[in-house]
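Novice: This one is my_file_35.cif, mmCIF, C-alpha atoms.
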```cif
data_coords
#
loop_
_atom_site.label_atom_id
_atom_site.label_comp_id
_atom_site.auth_asym_id
_atom_site.auth_seq_id
_atom_site.Cartn_x
_atom_site.Cartn_y
_atom_site.Cartn_z
CA MET A 4 122.80 139.34 -244.87
CA LEU A 5 122.43 138.18 -248.46
CA LEU A 6 125.17 135.56 -248.20
CA ASN A 7 123.84 134.41 -244.85
CA ALA A 8 120.38 133.88 -246.36
CA VAL A 9 121.92 131.93 -249.25
CA ILE A 10 123.70 129.55 -246.85
CA ILE A 11 120.79 129.07 -244.45
CA VAL A 12 118.27 128.25 -247.19
CA LEU A 13 120.76 126.15 -249.19
CA ARG A 14 121.57 124.06 -246.15
CA GLU A 15 117.89 123.36 -245.54
CA VAL A 16 117.04 122.64 -249.18
CA ILE A 17 119.97 120.40 -250.13
CA GLU A 18 119.00 117.29 -248.13
CA ALA A 19 115.45 117.20 -249.46
CA SER A 20 116.79 117.95 -252.94
CA LEU A 21 119.17 114.98 -252.87
CA ILE A 22 116.51 112.58 -251.62
CA ILE A 23 114.05 113.79 -254.27
CA SER A 24 116.63 113.41 -257.08
CA VAL A 25 117.16 109.73 -256.21
CA PHE A 26 113.40 109.13 -255.87
CA LEU A 27 112.75 110.84 -259.23
CA ALA A 28 115.41 108.78 -260.99
CA PHE A 29 113.90 105.67 -259.41
CA SER A 30 110.35 106.47 -260.53
CA GLN A 31 111.76 107.19 -263.99
CA ALA A 32 113.40 103.76 -263.98
CA ILE A 33 110.14 102.01 -263.13
CA ASN A 34 108.20 104.21 -265.58
CA ARG A 35 105.84 105.89 -263.14
CA SER A 36 104.41 109.40 -263.46
CA ARG A 37 105.85 112.08 -261.18
CA LEU A 38 102.55 113.02 -259.57
CA TRP A 39 103.72 111.55 -256.25
CA LEU A 40 106.32 114.33 -256.02
CA LEU A 41 103.69 117.07 -256.32
CA LEU A 42 101.57 115.35 -253.68
CA GLY A 43 104.57 114.96 -251.36
CA LEU A 44 105.70 118.57 -251.79
CA ALA A 45 102.16 119.95 -251.32
CA LEU A 46 101.65 117.95 -248.11
CA GLY A 47 105.17 118.85 -246.97
CA ILE A 48 104.56 122.57 -247.41
CA VAL A 49 101.25 122.35 -245.52
CA ALA A 50 103.02 120.47 -242.71
CA ALA A 51 105.83 123.07 -242.69
CA VAL A 52 103.35 125.95 -242.35
CA VAL A 53 101.41 124.18 -239.58
CA TYR A 54 104.66 123.42 -237.75
CA ALA A 55 105.97 126.99 -238.11
CA LEU A 56 102.64 128.46 -236.88
CA ASN A 57 102.68 126.24 -233.80
CA ILE A 58 106.40 126.40 -233.07
CA ILE A 59 105.96 128.15 -229.70
CA THR A 60 103.49 125.51 -228.48
CA VAL A 61 105.68 122.68 -229.76
CA SER A 62 108.74 124.22 -228.09
CA GLN A 63 107.01 124.03 -224.71
CA TRP A 64 106.30 120.30 -224.94
CA PHE A 65 108.40 117.92 -222.83
CA GLU A 66 109.47 120.69 -220.42
CA GLY A 67 110.84 122.98 -223.10
CA VAL A 68 112.55 120.49 -225.40
CA GLY A 69 109.56 119.74 -227.65
CA GLN A 70 111.31 121.10 -230.74
CA GLU A 71 114.25 118.74 -230.28
CA VAL A 72 111.99 115.74 -229.68
CA VAL A 73 109.74 116.49 -232.68
CA ASN A 74 112.70 117.18 -235.00
CA ALA A 75 114.55 114.08 -233.83
CA SER A 76 111.39 112.03 -234.45
CA ILE A 77 111.10 113.46 -237.97
CA HIS A 78 114.77 112.59 -238.62
CA LEU A 79 114.43 109.05 -237.28
CA LEU A 80 111.18 108.49 -239.18
CA LEU A 81 112.88 109.69 -242.36
CA TYR A 82 115.68 107.19 -241.74
CA LEU A 83 113.10 104.39 -241.40
CA VAL A 84 111.32 105.52 -244.58
CA LEU A 85 114.63 105.57 -246.49
CA LEU A 86 115.55 102.18 -245.03
CA LEU A 87 112.24 100.69 -246.21
CA PHE A 88 112.75 102.31 -249.61
CA MET A 89 116.21 100.79 -249.98
CA VAL A 90 115.07 97.34 -248.88
CA LEU A 91 112.07 97.23 -251.24
CA ALA A 92 113.94 98.85 -254.13
CA SER A 93 116.76 96.28 -253.76
CA SER A 94 114.33 93.41 -253.93
CA ARG A 95 114.02 91.49 -257.20
CA GLN A 96 110.24 91.31 -256.78
CA LEU A 97 110.24 95.06 -257.16
CA SER A 98 107.16 95.09 -259.39
CA GLN A 99 104.98 93.82 -256.53
CA TYR A 100 106.01 96.70 -254.31
CA GLN A 101 105.65 99.58 -256.74
CA ASN A 102 102.60 101.13 -255.09
CA ILE A 103 104.10 100.79 -251.63
CA LEU A 104 107.28 102.41 -252.94
CA ILE A 105 105.30 105.35 -254.32
CA ALA A 106 103.63 105.79 -250.91
CA ILE A 107 107.06 105.61 -249.24
CA MET A 108 108.44 108.26 -251.58
CA VAL A 109 105.50 110.59 -250.79
CA MET A 110 106.12 110.04 -247.08
CA GLY A 111 109.86 110.72 -247.53
CA VAL A 112 109.23 113.98 -249.38
CA VAL A 113 106.71 115.12 -246.72
CA LEU A 114 109.16 114.41 -243.88
CA ALA A 115 112.17 115.92 -245.65
CA SER A 116 110.37 119.12 -246.69
CA SER A 117 108.29 119.78 -243.55
CA ARG A 118 111.02 120.36 -241.00
CA GLU A 119 113.36 122.17 -243.35
CA GLY A 120 110.44 124.18 -244.74
CA SER A 121 109.29 125.30 -241.31
CA GLU A 122 112.76 126.56 -240.48
CA ILE A 123 112.90 128.58 -243.70
CA ILE A 124 109.45 130.04 -242.96
CA LEU A 125 110.51 131.04 -239.42
CA TYR A 126 113.71 132.57 -240.73
CA ILE A 127 112.11 134.64 -243.49
CA HIS A 128 109.10 135.61 -241.39
CA GLY A 129 111.42 137.33 -238.92
CA PHE A 130 112.42 139.83 -241.58
CA VAL A 131 108.89 140.86 -242.59
CA SER A 132 109.08 143.57 -239.93
CA ILE A 133 112.53 144.74 -241.09
CA PRO A 134 111.82 146.07 -244.62
CA GLU A 135 115.41 147.23 -245.24
CA LEU A 136 116.70 143.67 -244.89
CA PHE A 137 113.67 141.81 -246.25
CA LYS A 138 114.62 142.22 -249.91
CA SER A 139 118.13 140.83 -249.55
CA VAL A 140 116.87 137.94 -247.41
CA ILE A 141 114.28 137.01 -250.05
CA LEU A 142 116.87 137.33 -252.81
CA GLY A 143 119.48 135.35 -250.85
CA GLY A 144 116.89 132.73 -249.96
CA ALA A 145 115.89 132.38 -253.61
CA ILE A 146 119.53 131.98 -254.65
CA GLY A 147 120.10 129.40 -251.90
CA ALA A 148 116.99 127.46 -252.91
CA GLY A 149 118.08 127.72 -256.55
CA ILE A 150 121.52 126.26 -255.81
CA GLY A 151 120.00 123.51 -253.65
CA ILE A 152 117.49 122.54 -256.34
CA SER A 153 120.23 122.68 -259.02
CA VAL A 154 122.30 120.17 -257.04
CA GLY A 155 119.28 117.87 -257.03
CA VAL A 156 118.68 118.39 -260.76
CA PHE A 157 122.37 117.69 -261.45
CA PHE A 158 122.25 114.40 -259.55
CA TYR A 159 118.96 113.45 -261.18
CA TYR A 160 120.41 113.79 -264.69
CA LEU A 161 123.60 112.07 -263.60
CA LEU A 162 121.57 109.17 -262.19
CA VAL A 163 119.33 108.69 -265.24
CA ASN A 164 122.19 109.04 -267.72
CA LEU A 165 124.57 106.63 -266.05
CA SER A 166 124.28 102.93 -266.85
CA THR A 167 121.57 101.26 -264.72
CA GLU A 168 124.17 99.58 -262.56
CA LYS A 169 126.25 102.70 -261.94
CA GLY A 170 123.14 104.82 -261.42
CA MET A 171 121.84 102.37 -258.83
CA LYS A 172 125.17 102.41 -257.01
CA LEU A 173 125.32 106.20 -256.89
CA GLY A 174 121.68 106.47 -255.76
CA TYR A 175 122.37 103.84 -253.11
CA ILE A 176 125.35 105.76 -251.75
CA LEU A 177 123.48 109.09 -251.74
CA ILE A 178 120.54 107.64 -249.80
CA LEU A 179 122.89 105.82 -247.43
CA LEU A 180 124.78 109.03 -246.62
CA VAL A 181 121.68 111.21 -246.17
CA ALA A 182 119.91 108.52 -244.12
CA SER A 183 122.76 108.00 -241.66
CA SER A 184 123.23 111.74 -241.35
CA MET A 185 119.55 111.88 -240.26
CA VAL A 186 120.30 109.45 -237.42
CA SER A 187 123.37 111.39 -236.34
CA GLN A 188 121.38 114.64 -236.29
CA ALA A 189 118.55 113.00 -234.33
CA ILE A 190 121.02 111.78 -231.69
CA GLN A 191 122.54 115.27 -231.52
CA LEU A 192 119.09 116.78 -230.89
CA LEU A 193 118.29 114.25 -228.15
CA ILE A 194 121.63 115.06 -226.47
CA GLN A 195 120.73 118.76 -226.62
CA ALA A 196 117.37 117.92 -225.01
CA ASP A 197 119.17 115.95 -222.26
CA TRP A 198 117.28 112.78 -223.27
CA ILE A 199 120.58 111.10 -224.19
CA ILE A 200 123.62 111.52 -221.97
CA SER A 201 126.07 114.19 -223.10
CA GLN A 202 129.62 112.89 -223.47
CA TYR A 203 132.99 114.41 -224.25
CA PRO A 204 133.77 114.38 -227.99
CA LEU A 205 135.46 111.27 -229.36
CA TRP A 206 137.74 113.38 -231.55
CA ASP A 207 138.18 116.95 -232.74
CA THR A 208 138.79 117.52 -236.45
CA SER A 209 137.89 121.23 -236.35
CA ASN A 210 141.52 122.11 -237.15
CA TRP A 211 141.30 120.14 -240.41
CA ILE A 212 137.79 120.96 -241.56
CA SER A 213 135.99 123.62 -239.57
CA GLU A 214 132.20 123.41 -239.52
CA ARG A 215 132.25 127.14 -240.30
CA SER A 216 134.02 126.63 -243.63
CA VAL A 217 132.16 126.10 -246.89
CA THR A 218 133.60 122.57 -247.08
CA GLY A 219 132.40 121.89 -243.54
CA GLN A 220 128.91 123.20 -244.31
CA LEU A 221 128.68 121.11 -247.48
CA LEU A 222 129.95 118.02 -245.70
CA TYR A 223 127.40 118.66 -242.95
CA ALA A 224 124.59 118.78 -245.50
CA LEU A 225 125.85 115.69 -247.35
CA ILE A 226 127.07 113.34 -244.63
CA GLY A 227 126.12 115.11 -241.38
CA TYR A 228 129.74 116.11 -240.69
CA GLU A 229 130.48 117.11 -237.09
CA SER A 230 134.00 118.07 -236.07
CA THR A 231 133.45 117.01 -232.46
CA PRO A 232 131.05 114.04 -232.36
CA THR A 233 130.38 112.13 -229.16
CA PRO A 234 130.88 108.34 -228.94
CA ILE A 235 127.11 107.65 -228.94
CA GLN A 236 126.70 109.77 -232.08
CA VAL A 237 129.48 107.94 -233.93
CA MET A 238 128.11 104.56 -232.88
CA ALA A 239 124.59 105.48 -234.00
CA TYR A 240 125.95 106.75 -237.33
CA LEU A 241 127.90 103.56 -238.02
CA SER A 242 125.03 101.33 -236.85
CA SER A 243 122.59 103.08 -239.16
CA ILE A 244 124.93 102.43 -242.11
CA ILE A 245 125.45 98.79 -241.14
CA ILE A 246 121.71 98.19 -240.65
CA MET A 247 120.84 99.71 -244.03
CA VAL A 248 123.58 97.85 -245.91
CA THR A 249 122.75 94.54 -244.22
CA LEU A 250 118.98 94.70 -244.73
CA SER A 251 119.15 95.88 -248.33
CA SER A 252 121.79 93.21 -249.15
CA LEU A 253 119.56 90.57 -247.60
CA ALA A 254 116.66 91.81 -249.71
CA TYR A 255 118.82 91.86 -252.84
CA PHE A 256 120.50 88.48 -252.52
CA GLY A 257 117.61 86.78 -250.68
CA SER A 258 115.08 87.58 -253.37
CA ARG A 259 117.58 86.57 -256.07
CA LYS A 260 117.88 83.11 -254.59
CA LEU A 261 114.10 82.78 -254.63
CA ASN A 262 114.02 83.64 -258.30
CA SER A 263 116.70 81.20 -259.42
CA MET B 10 118.71 111.94 -175.89
CA SER B 11 116.13 109.19 -175.76
CA VAL B 12 115.04 107.65 -179.01
CA THR B 13 111.30 108.09 -179.23
CA PRO B 14 109.18 107.32 -182.30
CA ASN B 15 108.75 111.07 -182.65
CA SER B 16 112.45 111.85 -182.90
CA ILE B 17 112.96 108.98 -185.34
CA MET B 18 110.29 110.53 -187.51
CA LEU B 19 111.91 113.93 -187.14
CA ARG B 20 115.28 112.52 -188.18
CA GLY B 21 113.60 110.84 -191.09
CA ILE B 22 112.05 114.10 -192.20
CA ILE B 23 115.37 115.93 -191.88
CA ALA B 24 117.15 113.19 -193.84
CA PHE B 25 114.49 113.32 -196.52
CA CYS B 26 114.68 117.11 -196.76
CA SER B 27 118.46 117.09 -197.04
CA LEU B 28 118.21 114.46 -199.76
CA LEU B 29 115.73 116.62 -201.62
CA LEU B 30 118.01 119.63 -201.16
CA THR B 31 121.00 117.73 -202.55
CA ALA B 32 118.90 116.72 -205.52
CA ILE B 33 118.03 120.36 -206.16
CA VAL B 34 121.63 121.49 -205.71
CA HIS B 35 122.83 118.76 -208.05
CA ALA B 36 120.28 119.53 -210.75
CA ALA B 37 121.80 121.32 -213.73
CA PRO B 38 122.58 124.97 -212.88
CA ILE B 39 120.50 127.40 -214.90
CA VAL B 40 121.99 130.28 -216.90
CA GLU B 41 119.69 132.81 -218.55
CA ILE B 42 120.56 134.64 -221.75
CA GLU B 43 118.31 137.28 -223.27
CA ILE B 44 118.08 138.28 -226.91
CA ARG B 45 117.21 141.95 -227.46
CA GLU B 46 117.58 143.83 -230.75
CA HIS B 47 119.51 140.79 -232.10
CA LEU B 48 122.11 140.95 -229.33
CA PHE B 49 122.81 138.47 -226.54
CA TYR B 50 122.67 139.70 -222.93
CA PRO B 51 125.02 138.71 -221.42
CA ALA B 52 127.22 138.03 -224.42
CA GLU B 53 129.68 136.13 -222.24
CA ILE B 54 128.76 133.53 -219.70
CA GLU B 55 131.04 131.61 -217.41
CA ILE B 56 130.32 128.05 -216.35
CA PRO B 57 132.34 125.46 -214.43
CA ALA B 58 134.06 122.61 -216.27
CA ASP B 59 132.64 119.07 -216.18
CA THR B 60 129.16 120.36 -215.34
CA LYS B 61 125.90 120.08 -217.21
CA VAL B 62 124.24 123.50 -217.51
CA LYS B 63 120.71 124.39 -218.57
CA LEU B 64 120.68 127.47 -220.78
CA VAL B 65 117.40 129.36 -220.84
CA ILE B 66 117.34 131.66 -223.84
CA ILE B 67 114.69 134.35 -223.77
CA ASN B 68 114.02 136.00 -227.12
CA GLN B 69 112.51 139.45 -226.49
CA ASP B 70 112.55 140.33 -230.21
CA SER B 71 109.54 139.75 -232.42
CA SER B 72 111.67 137.85 -234.95
CA ALA B 73 112.88 134.30 -234.49
CA GLU B 74 116.56 133.64 -233.80
CA GLU B 75 118.56 130.46 -234.08
CA PHE B 76 121.01 129.82 -231.28
CA GLU B 77 123.92 128.05 -232.92
CA SER B 78 127.37 126.93 -231.86
CA TYR B 79 129.67 124.67 -233.84
CA GLU B 80 131.95 124.28 -230.83
CA LEU B 81 129.11 123.25 -228.53
CA ASN B 82 127.31 121.26 -231.27
CA ARG B 83 124.09 123.06 -230.48
CA GLU B 84 121.42 124.51 -232.75
CA LYS B 85 117.91 125.63 -231.84
CA VAL B 86 115.33 128.03 -233.22
CA ILE B 87 113.97 130.39 -230.56
CA PRO B 88 110.74 131.90 -231.92
CA GLY B 89 110.15 135.62 -231.33
CA GLY B 90 108.71 136.42 -227.89
CA SER B 91 109.42 133.02 -226.42
CA LYS B 92 112.07 131.14 -224.51
CA GLY B 93 114.00 128.02 -225.33
CA ILE B 94 115.96 125.53 -223.26
CA ILE B 95 119.29 124.07 -224.35
CA PHE B 96 121.43 121.74 -222.27
CA ILE B 97 125.19 122.09 -222.62
CA GLY B 98 128.12 120.34 -220.98
CA PRO B 99 129.86 118.64 -219.30
CA LEU B 100 132.67 120.48 -221.09
CA ASN B 101 136.43 120.77 -220.92
CA PRO B 102 137.82 124.20 -219.95
CA GLY B 103 137.98 126.55 -222.91
CA VAL B 104 136.10 129.15 -224.90
CA TYR B 105 133.04 128.07 -226.90
CA PRO B 106 131.65 130.78 -229.20
CA PHE B 107 127.96 130.86 -230.08
CA PHE B 108 125.94 133.07 -232.41
CA GLY B 109 122.48 133.79 -233.68
CA GLU B 110 122.37 132.23 -237.10
CA PHE B 111 119.58 134.48 -238.32
CA PHE B 112 121.40 137.70 -237.33
CA PRO B 113 125.05 136.64 -237.17
CA LYS B 114 126.49 140.13 -237.62
CA THR B 115 125.25 141.31 -234.23
CA ALA B 116 124.23 138.24 -232.27
CA GLN B 117 127.56 136.86 -231.05
CA GLY B 118 128.55 135.46 -227.70
CA LYS B 119 130.71 132.94 -225.92
CA VAL B 120 130.60 130.39 -223.17
CA ILE B 121 133.74 130.43 -221.05
CA VAL B 122 134.31 127.14 -219.30
CA LYS B 123 136.61 127.39 -216.28
CA GLU B 124 138.16 124.68 -214.17
CA ALA B 125 135.93 124.14 -211.13
CA LYS B 126 137.67 125.14 -207.92
#
```
As a first step, turn the structure in this file into structure tokens.
Specialist:
Amino acid sequence: MLLNAVIIVLREVIEASLIISVFLAFSQAINRSRLWLLLGLALGIVAAVVYALNIITVSQWFEGVGQEVVNASIHLLLYLVLLLFMVLASSRQLSQYQNILIAIMVMGVVLASSREGSEIILYIHGFVSIPELFKSVILGGAIGAGIGISVGVFFYYLLVNLSTEKGMKLGYILILLVASSMVSQAIQLLIQADWIISQYPLWDTSNWISERSVTGQLLYALIGYESTPTPIQVMAYLSSIIIMVTLSSLAYFGSRKLNS
Amino acid sequence: MSVTPNSIMLRGIIAFCSLLLTAIVHAAPIVEIEIREHLFYPAEIEIPADTKVKLVIINQDSSAEEFESYELNREKVIPGGSKGIIFIGPLNPGVYPFFGEFFPKTAQGKVIVKEAK
């Protein structure tokens, strides 16, 4: 039960942790205080509690698939927030957008922590009535959260200690991977809700990397790895990468031309 | 039989009803699974291949459970004392294990997909 709690909480924490590490390194680079993070986390926790308290009502929306629709919306919204972040952060007129970027980072933290937070609350709450397991679940959860936060801290220090150019590249790749994984997960949820047609998988890599394995779980958290994705999912994943790369490149090179 | 306006209407009604019936028959078949004391009942369900199926998962426990299956690519939290709907399929014949992520030691099950006759 302990190990299970570690994995469940780690998996939920790691995405938010990665996003926050890039945001923190960015706000460090533009010399802003970190108050936005506290605001984002506080709002995110409130949203997570509200969501967890109303989970039964939400589940009944849209003929029983409310959870999928709400979670998919959160994922897609987070993709849009990350896309906007990348576009504005790539722009050379960055200084004009600083306040907007801070607002975007707050929004990103709220979205990333609310859904994951509500799932952790629901998970742990179930064990309140089972005292013999409660302790190990709390301990496991704390270890999982600790590992997840450590990963974020590691990337934060890596990002701020690399040269500006290398740090920007790494941050760019991290956000790109997490953002496109959000889209893939959203599509998966809409397939589960029968809002998007369910297809046969495009390929099956479960013999190479099983989603049960530690590698599979980590890859899932990092890049949204699925061993049996459907064609629509793969297309959405690739499109979300192409859109983000194209728009941020346009912002980067477009604004450079203006400056010269 | 003479064709009167009445019989045309009757035929129309019959045609409409049979259409409605086909629609109902063709809607996704429903399979119910209950969760009690962190166990799935039934733990094994059989569904035909190439068919979309609506799983209704009724959680009788007070604690939440997460229905999860890597093979089916499905994952959903079912709060305690509530029911959740998950669509699966169309699938190829085979065995697709699922489990309750919150209580994986006990909550285990599988979907057996058989070639439709």
Novice: Dump as a tab-separated table the rows for residues of chain A within 7 Å of chain B: closest atom pair and distance in Å with one decimal, all atoms listed in the file counted, ordered by chain and rising residue number.
Specialist:
```
residue	atom	partner	partner_atom	distance
A:Ile59	CA	B:Pro88	CA	6.5
A:Gly67	CA	B:Ile94	CA	5.7
A:Val68	CA	B:Ile94	CA	6.5
A:Leu125	CA	B:Ala73	CA	6.4
A:Tyr126	CA	B:Ala73	CA	6.5
A:Gly129	CA	B:Ser72	CA	4.0
A:Phe130	CA	B:Ser72	CA	7.0
A:Gln195	CA	B:Phe96	CA	5.3
A:Ala196	CA	B:Phe96	CA	6.2
A:Asp197	CA	B:Phe96	CA	6.2
A:Ser201	CA	B:Gly98	CA	6.8
A:Tyr203	CA	B:Leu100	CA	6.9
A:Glu214	CA	B:Tyr79	CA	6.3
```
Novice: Please write as a ChimeraX atom specification the full residue list that the PyMOL selection byres ((chain A and resi 45) around 12) yields on this file.
Specialist: /A:38-44,46-52,109-110,112-114,116-117,120
Novice: Could you write out the selected residues, including C-alpha atoms, as an mmCIF file, in the frame of the given file?
Specialist:
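Contents of part-v9.cif, as written:
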```cif
data_model
loop_
_atom_site.group_PDB
_atom_site.id
_atom_site.type_symbol
_atom_site.label_atom_id
_atom_site.label_comp_id
_atom_site.auth_asym_id
_atom_site.auth_seq_id
_atom_site.Cartn_x
_atom_site.Cartn_y
_atom_site.Cartn_z
ATOM 1 C CA LEU A 38 102.550 113.020 -259.570
ATOM 2 C CA TRP A 39 103.720 111.550 -256.250
ATOM 3 C CA LEU A 40 106.320 114.330 -256.020
ATOM 4 C CA LEU A 41 103.690 117.070 -256.320
ATOM 5 C CA LEU A 42 101.570 115.350 -253.680
ATOM 6 C CA GLY A 43 104.570 114.960 -251.360
ATOM 7 C CA LEU A 44 105.700 118.570 -251.790
ATOM 8 C CA LEU A 46 101.650 117.950 -248.110
ATOM 9 C CA GLY A 47 105.170 118.850 -246.970
ATOM 10 C CA ILE A 48 104.560 122.570 -247.410
ATOM 11 C CA VAL A 49 101.250 122.350 -245.520
ATOM 12 C CA ALA A 50 103.020 120.470 -242.710
ATOM 13 C CA ALA A 51 105.830 123.070 -242.690
ATOM 14 C CA VAL A 52 103.350 125.950 -242.350
ATOM 15 C CA VAL A 109 105.500 110.590 -250.790
ATOM 16 C CA MET A 110 106.120 110.040 -247.080
ATOM 17 C CA VAL A 112 109.230 113.980 -249.380
ATOM 18 C CA VAL A 113 106.710 115.120 -246.720
ATOM 19 C CA LEU A 114 109.160 114.410 -243.880
ATOM 20 C CA SER A 116 110.370 119.120 -246.690
ATOM 21 C CA SER A 117 108.290 119.780 -243.550
ATOM 22 C CA GLY A 120 110.440 124.180 -244.740
#
```
Novice: Name every residue that the PyMOL selection byres ((chain A and resi 104) around 10) selects in this structure, writing the answer as a PyMOL selection string with chains first and numbers rising.
Specialist: chain A and resi 26+29-30+84+87-89+91-92+97-103+105-110
Novice: Specify as a PDB file with C-alpha atoms, in the coordinates of the input each residue included when the PyMOL selection byres ((chain A and resi 210-212) around 12) is applied to this file.
Specialist:
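So selection08.pdb came out as:
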```pdb
ATOM      1  CA  TRP A 206     137.740 113.380-231.550  1.00  0.00           C
ATOM      2  CA  ASP A 207     138.180 116.950-232.740  1.00  0.00           C
ATOM      3  CA  THR A 208     138.790 117.520-236.450  1.00  0.00           C
ATOM      4  CA  SER A 209     137.890 121.230-236.350  1.00  0.00           C
ATOM      5  CA  SER A 213     135.990 123.620-239.570  1.00  0.00           C
ATOM      6  CA  GLU A 214     132.200 123.410-239.520  1.00  0.00           C
ATOM      7  CA  ARG A 215     132.250 127.140-240.300  1.00  0.00           C
ATOM      8  CA  SER A 216     134.020 126.630-243.630  1.00  0.00           C
ATOM      9  CA  VAL A 217     132.160 126.100-246.890  1.00  0.00           C
ATOM     10  CA  THR A 218     133.600 122.570-247.080  1.00  0.00           C
ATOM     11  CA  GLY A 219     132.400 121.890-243.540  1.00  0.00           C
ATOM     12  CA  GLN A 220     128.910 123.200-244.310  1.00  0.00           C
ATOM     13  CA  LEU A 221     128.680 121.110-247.480  1.00  0.00           C
ATOM     14  CA  LEU A 222     129.950 118.020-245.700  1.00  0.00           C
ATOM     15  CA  TYR A 223     127.400 118.660-242.950  1.00  0.00           C
ATOM     16  CA  TYR A 228     129.740 116.110-240.690  1.00  0.00           C
ATOM     17  CA  GLU A 229     130.480 117.110-237.090  1.00  0.00           C
ATOM     18  CA  SER A 230     134.000 118.070-236.070  1.00  0.00           C
ATOM     19  CA  THR A 231     133.450 117.010-232.460  1.00  0.00           C
TER      20      THR A 231
ATOM     21  CA  TYR B  79     129.670 124.670-233.840  1.00  0.00           C
ATOM     22  CA  GLU B  80     131.950 124.280-230.830  1.00  0.00           C
TER      23      GLU B  80
END
```
Novice: Have a look at atom CA of Gly69 of chain A and atom CA of Leu192 of chain A and let me know their distance in Å, one decimal.
Specialist: 10.5 Å
Novice: For a test of reading the model, state the distance in Å between atom CA of Arg118 of chain A and atom CA of Ala37 of chain B, rounded to one decimal.
Specialist: 29.3 Å
Novice: Could you tell me how far atom CA of Leu86 of chain A sits from atom CA of Ser251 of chain A, in Å to one decimal place?
Specialist: 8.0 Å
Novice: I want to know what sits within 8 Å of Ala55 of chain A, based on all atoms listed in the file, with residues of the same chain fewer than 5 positions away left out; could you give that as a PDB file with C-alpha atoms, in the frame of the given file?
Specialist:
```
ATOM      1  CA  SER A 121     109.290 125.300-241.310  1.00  0.00           C
ATOM      2  CA  GLU A 122     112.760 126.560-240.480  1.00  0.00           C
ATOM      3  CA  ILE A 124     109.450 130.040-242.960  1.00  0.00           C
ATOM      4  CA  LEU A 125     110.510 131.040-239.420  1.00  0.00           C
TER       5      LEU A 125
END
```
Novice: So which one's closest to Tyr159 of chain A, A:Leu173, A:Val73, A:Ile244, A:Leu13? Using all atoms listed in the file, please.
Specialist: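 For Tyr159 of chain A, the nearest of the candidates is A:Leu173.
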Novice: For a quick check of understanding, using all atoms listed in the file, which of B:Glu77, B:Leu19, B:Ile66, B:Glu41 has the smallest distance to Phe108 of chain B?
Specialist: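 Nearest to Phe108 of chain B: B:Glu77.
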Novice: Counting only C-alpha atoms, which residues sit no farther than 12 Å from the position (126.5, 101.7, -251.9) in the file's frame? I'd like them as a short mmCIF file (atom, residue, chain, number, x, y, z; two decimals) with C-alpha atoms, in the frame of the given file.
Specialist:
```
data_model
loop_
_atom_site.label_atom_id
_atom_site.label_comp_id
_atom_site.auth_asym_id
_atom_site.auth_seq_id
_atom_site.Cartn_x
_atom_site.Cartn_y
_atom_site.Cartn_z
CA MET A 89 116.21 100.79 -249.98
CA SER A 93 116.76 96.28 -253.76
CA GLU A 168 124.17 99.58 -262.56
CA LYS A 169 126.25 102.70 -261.94
CA GLY A 170 123.14 104.82 -261.42
CA MET A 171 121.84 102.37 -258.83
CA LYS A 172 125.17 102.41 -257.01
CA LEU A 173 125.32 106.20 -256.89
CA GLY A 174 121.68 106.47 -255.76
CA TYR A 175 122.37 103.84 -253.11
CA ILE A 176 125.35 105.76 -251.75
CA LEU A 177 123.48 109.09 -251.74
CA ILE A 178 120.54 107.64 -249.80
CA LEU A 179 122.89 105.82 -247.43
CA LEU A 180 124.78 109.03 -246.62
CA ILE A 244 124.93 102.43 -242.11
CA ILE A 245 125.45 98.79 -241.14
CA MET A 247 120.84 99.71 -244.03
CA VAL A 248 123.58 97.85 -245.91
CA THR A 249 122.75 94.54 -244.22
CA SER A 251 119.15 95.88 -248.33
CA SER A 252 121.79 93.21 -249.15
#
```
Novice: List as a PDB file with C-alpha atoms, in the coordinates of the input the protein and nucleic acid residues near Arg45 of chain B, meaning an atom at most 8 Å away when all atoms listed in the file are counted, but skip any in the same chain fewer than 4 places from it.
Specialist:
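So the final result, stored in around.pdb, reads:
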```
ATOM      1  CA  PHE B  49     122.810 138.470-226.540  1.00  0.00           C
ATOM      2  CA  TYR B  50     122.670 139.700-222.930  1.00  0.00           C
ATOM      3  CA  ASN B  68     114.020 136.000-227.120  1.00  0.00           C
ATOM      4  CA  GLN B  69     112.510 139.450-226.490  1.00  0.00           C
ATOM      5  CA  ASP B  70     112.550 140.330-230.210  1.00  0.00           C
TER       6      ASP B  70
END
```
Novice: For segment 89-100 of chain B, take all atoms listed in the file, fit an axis-aligned box around them, add 8 Å to each of the six sides, then output centre and edge lengths in Å rounded to one decimal, as JSON.
Specialist:
```
{"center_x": 120.7, "center_y": 127.5, "center_z": -225.3, "size_x": 40.0, "size_y": 33.8, "size_z": 28.0}
```
Novice: Within 8 Å of Ser184 of chain A, counting all atoms listed in the file, which residues show up once you throw out same-chain ones fewer than 2 positions away? Write them as a VMD selection string, please.
Specialist: chain A and resid 180 to 182 186 to 188 225 to 228 240
Novice: Would you save the residues from that selection as a PDB file, in the coordinates of the input, using C-alpha atoms?
Specialist:
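What follows is the written file again-v4.pdb:
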```
ATOM      1  CA  LEU A 180     124.780 109.030-246.620  1.00  0.00           C
ATOM      2  CA  VAL A 181     121.680 111.210-246.170  1.00  0.00           C
ATOM      3  CA  ALA A 182     119.910 108.520-244.120  1.00  0.00           C
ATOM      4  CA  VAL A 186     120.300 109.450-237.420  1.00  0.00           C
ATOM      5  CA  SER A 187     123.370 111.390-236.340  1.00  0.00           C
ATOM      6  CA  GLN A 188     121.380 114.640-236.290  1.00  0.00           C
ATOM      7  CA  LEU A 225     125.850 115.690-247.350  1.00  0.00           C
ATOM      8  CA  ILE A 226     127.070 113.340-244.630  1.00  0.00           C
ATOM      9  CA  GLY A 227     126.120 115.110-241.380  1.00  0.00           C
ATOM     10  CA  TYR A 228     129.740 116.110-240.690  1.00  0.00           C
ATOM     11  CA  TYR A 240     125.950 106.750-237.330  1.00  0.00           C
TER      12      TYR A 240
END
```
